[in-house]
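Worksheet: one structure, shown below.
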Amino acid sequence: MGYESFIPLAMNVLGTALQSGGEKQAGRDEKAAADFQAAQLRVNAGQAVAASQIDAANETRKSKLLQSRALALAAASGGGAVDPSVMKIISGLAGEGKLASLTQLYAGDERARAMNSQAAATEYEGVLKKKAYDTKARGTILSGAKSIYDTLGPAFSSGGGRTGDTSGYETSPGVMYDSSFNEGYG
């Protein structure tokens, strides 16, 4: 087996290593992208909660303004501020305001919960993709090893790996080893 037969072998080894390394890097990249997307979803979840808190505060403010307006209208009409019908209206406005405020908080929490669940699913998907690429890289290595064995196997199975008898071997292209040359030295 001359050195020119090692060139395809070296290219096969190098190609297998590069392809396997590329597949492992692709897996790492997929996981990094999934982790980044999950982090963005978690940030969005926090923003959804903050936005719902602002909306809830606005609902509370609107409720208090409505209660104040109702009290002012009652007083302007000559009714008393502690009149049972006025108190019932103001109490109803307060209850509606509280419900609207709590609904905003709940909606924000639900949006955040959904985003956090999506973030966890995205991270898990990244882990699975990385495992798949790692498995693919191992398969590439095994496939490359088989290809290398297919290239070298005949040389070893036909006695090419024997020591001692070197007759018939090319030492360089077109130059045969002459075993009679070493007869006086050994």
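Please note that chains go A, B, ... in the order of the structure tokens, that every chain numbers its residues from 1, and that ligands are numbered from 1 in the order shown.
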Residues at most 12 Å from Tyr106 of chain A, counting only C-alpha atoms, excluding those fewer than 4 positions away in the same chain, as an mmCIF file with C-alpha atoms, in the first residue's frame?
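result38.cif, freshly written:
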```cif
data_model
loop_
_atom_site.group_PDB
_atom_site.id
_atom_site.type_symbol
_atom_site.label_atom_id
_atom_site.label_comp_id
_atom_site.auth_asym_id
_atom_site.auth_seq_id
_atom_site.Cartn_x
_atom_site.Cartn_y
_atom_site.Cartn_z
ATOM 1 C CA ALA A 48 -46.798 40.861 31.168
ATOM 2 C CA VAL A 49 -47.061 40.771 34.974
ATOM 3 C CA ALA A 50 -45.773 44.346 35.256
ATOM 4 C CA ALA A 51 -48.210 45.545 32.583
ATOM 5 C CA SER A 52 -51.097 43.834 34.351
ATOM 6 C CA GLN A 53 -50.108 45.535 37.619
ATOM 7 C CA ASP A 55 -53.622 48.022 34.335
ATOM 8 C CA ALA A 56 -54.905 46.928 37.753
ATOM 9 C CA LEU A 99 -63.092 43.028 40.351
ATOM 10 C CA ALA A 100 -61.672 44.840 37.300
ATOM 11 C CA SER A 101 -58.349 45.327 39.084
ATOM 12 C CA LEU A 102 -58.088 41.676 40.151
ATOM 13 C CA GLU A 110 -52.009 33.782 33.123
ATOM 14 C CA ARG A 111 -50.096 35.343 30.227
ATOM 15 C CA ALA A 112 -46.889 35.030 32.265
ATOM 16 C CA ARG A 113 -47.653 31.424 33.186
#
```
Mind checking which residues fall within 12 Å of Ser20 of chain A, counting only C-alpha atoms, ignoring those fewer than 6 positions away in the same chain, and posting them as a tab-separated table (two decimals) with all heavy atoms, in the first residue's frame?
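For reference, part-v3.tsv as written:
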```tsv
chain	number	residue	atom	x	y	z
A	12	ASN	N	-10.68	10.96	4.32
A	12	ASN	CA	-11.84	10.33	4.94
A	12	ASN	C	-11.85	10.62	6.44
A	12	ASN	O	-12.88	10.98	7.01
A	12	ASN	CB	-11.82	8.83	4.67
A	12	ASN	CG	-13.11	8.15	5.03
A	12	ASN	OD1	-13.93	8.69	5.76
A	12	ASN	ND2	-13.28	6.94	4.55
A	13	VAL	N	-10.69	10.46	7.08
A	13	VAL	CA	-10.58	10.73	8.52
A	13	VAL	C	-10.90	12.19	8.81
A	13	VAL	O	-11.69	12.51	9.70
A	13	VAL	CB	-9.18	10.35	9.06
A	13	VAL	CG1	-8.97	10.87	10.46
A	13	VAL	CG2	-8.98	8.85	9.00
A	14	LEU	N	-10.29	13.08	8.03
A	14	LEU	CA	-10.51	14.52	8.23
A	14	LEU	C	-11.97	14.88	7.97
A	14	LEU	O	-12.58	15.63	8.74
A	14	LEU	CB	-9.58	15.32	7.32
A	14	LEU	CG	-9.65	16.83	7.46
A	14	LEU	CD1	-9.29	17.25	8.89
A	14	LEU	CD2	-8.73	17.50	6.47
A	26	ALA	N	-23.65	22.19	15.63
A	26	ALA	CA	-25.04	22.50	15.28
A	26	ALA	C	-25.95	22.21	16.47
A	26	ALA	O	-26.88	22.98	16.75
A	26	ALA	CB	-25.48	21.69	14.06
A	27	GLY	N	-25.69	21.13	17.19
A	27	GLY	CA	-26.47	20.81	18.38
A	27	GLY	C	-26.31	21.87	19.46
A	27	GLY	O	-27.28	22.29	20.09
A	133	TYR	N	-28.36	15.82	17.67
A	133	TYR	CA	-27.14	16.13	16.92
A	133	TYR	C	-25.95	15.38	17.47
A	133	TYR	O	-25.07	14.95	16.71
A	133	TYR	CB	-26.88	17.64	16.92
A	133	TYR	CG	-27.63	18.37	15.84
A	133	TYR	CD1	-28.72	19.17	16.14
A	133	TYR	CD2	-27.25	18.28	14.50
A	133	TYR	CE1	-29.42	19.84	15.15
A	133	TYR	CE2	-27.93	18.95	13.50
A	133	TYR	CZ	-29.01	19.73	13.84
A	133	TYR	OH	-29.68	20.40	12.86
A	134	ASP	N	-25.87	15.19	18.78
A	134	ASP	CA	-24.79	14.41	19.37
A	134	ASP	C	-24.85	12.96	18.88
A	134	ASP	O	-23.82	12.36	18.56
A	134	ASP	CB	-24.84	14.45	20.90
A	134	ASP	CG	-24.40	15.80	21.47
A	134	ASP	OD1	-23.85	16.63	20.70
A	134	ASP	OD2	-24.63	16.02	22.67
A	135	THR	N	-26.05	12.42	18.83
A	135	THR	CA	-26.23	11.05	18.34
A	135	THR	C	-25.84	10.97	16.87
A	135	THR	O	-25.18	10.02	16.44
A	135	THR	CB	-27.68	10.59	18.54
A	135	THR	OG1	-27.98	10.63	19.94
A	135	THR	CG2	-27.90	9.19	18.03
A	136	LYS	N	-26.24	11.97	16.10
A	136	LYS	CA	-25.89	12.01	14.68
A	136	LYS	C	-24.38	12.09	14.52
A	136	LYS	O	-23.81	11.44	13.64
A	136	LYS	CB	-26.57	13.20	14.02
A	136	LYS	CG	-26.41	13.24	12.53
A	136	LYS	CD	-27.21	14.39	11.92
A	136	LYS	CE	-27.05	14.41	10.41
A	136	LYS	NZ	-27.74	15.54	9.80
A	137	ALA	N	-23.70	12.86	15.37
A	137	ALA	CA	-22.24	12.96	15.31
A	137	ALA	C	-21.59	11.61	15.61
A	137	ALA	O	-20.63	11.22	14.93
A	137	ALA	CB	-21.75	14.02	16.28
A	138	ARG	N	-22.12	10.89	16.60
A	138	ARG	CA	-21.58	9.56	16.90
A	138	ARG	C	-21.80	8.62	15.73
A	138	ARG	O	-20.93	7.81	15.39
A	138	ARG	CB	-22.20	9.01	18.18
A	138	ARG	CG	-21.66	9.66	19.44
A	138	ARG	CD	-22.08	8.93	20.71
A	138	ARG	NE	-23.48	9.07	21.03
A	138	ARG	CZ	-24.03	10.10	21.65
A	138	ARG	NH1	-23.27	11.11	22.02
A	138	ARG	NH2	-25.32	10.14	21.91
A	139	GLY	N	-22.95	8.72	15.08
A	139	GLY	CA	-23.22	7.90	13.89
A	139	GLY	C	-22.26	8.23	12.76
A	139	GLY	O	-21.79	7.33	12.05
A	140	THR	N	-21.94	9.50	12.60
A	140	THR	CA	-20.98	9.92	11.58
A	140	THR	C	-19.62	9.33	11.86
A	140	THR	O	-18.93	8.86	10.94
A	140	THR	CB	-20.91	11.46	11.52
A	140	THR	OG1	-22.19	11.96	11.14
A	140	THR	CG2	-19.85	11.93	10.55
A	141	ILE	N	-19.22	9.34	13.12
A	141	ILE	CA	-17.92	8.76	13.49
A	141	ILE	C	-17.90	7.26	13.19
A	141	ILE	O	-16.94	6.75	12.61
A	141	ILE	CB	-17.60	9.04	14.98
A	141	ILE	CG1	-17.33	10.53	15.18
A	141	ILE	CG2	-16.42	8.19	15.45
A	141	ILE	CD1	-17.24	10.96	16.62
A	142	LEU	N	-18.98	6.57	13.55
A	142	LEU	CA	-19.04	5.13	13.27
A	142	LEU	C	-19.05	4.86	11.77
A	142	LEU	O	-18.38	3.93	11.29
A	142	LEU	CB	-20.26	4.51	13.94
A	142	LEU	CG	-20.21	4.42	15.46
A	142	LEU	CD1	-21.53	3.91	16.01
A	142	LEU	CD2	-19.06	3.53	15.90
A	143	SER	N	-19.78	5.66	11.02
A	143	SER	CA	-19.82	5.50	9.57
A	143	SER	C	-18.44	5.75	8.97
A	143	SER	O	-18.00	5.02	8.08
A	143	SER	CB	-20.85	6.47	8.98
A	143	SER	OG	-20.85	6.39	7.58
A	144	GLY	N	-17.77	6.79	9.47
A	144	GLY	CA	-16.42	7.07	9.00
A	144	GLY	C	-15.45	5.96	9.36
A	144	GLY	O	-14.59	5.59	8.55
A	145	ALA	N	-15.59	5.42	10.57
A	145	ALA	CA	-14.72	4.31	10.99
A	145	ALA	C	-14.94	3.09	10.10
A	145	ALA	O	-13.97	2.42	9.71
A	145	ALA	CB	-14.99	3.97	12.45
```
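The nearest approach to Ala72 of chain A among the residues A:Ile90, A:Ala10, A:Asp109, A:Lys131, with only C-alpha atoms taken into account, belongs to A:Ile90.
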Between atom CA of Tyr149 of chain A and atom CA of Gln25 of chain A - distance in Å to one decimal
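Separation of atom CA of Gln25 of chain A and atom CA of Tyr149 of chain A: 26.1 Å.
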Using only C-alpha atoms, the shortest atom-to-atom distance to Ser63 of chain A among A:Gly15, A:Gly80, A:Pro8, A:Gly97 belongs to A:Gly97
| So which bits of chain A end up alpha helix (DSSP H) when you DSSP the backbone, as number ranges by chain? | A: 6-76, 84-157
Run DSSP on the backbone of this structure and report the residues of chain A it assigns to strand (DSSP E or B), as a list in words.
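The strand (DSSP E or B) subset of chain A is Glu170, Thr171, Ser172, Val175 and Met176 of chain A.
Ranking A:Ala17, A:Leu9, A:Gln37, A:Glu23 by their shortest atom-to-atom distance to Thr122 of chain A, with only C-alpha atoms included, puts A:Gln37 first.
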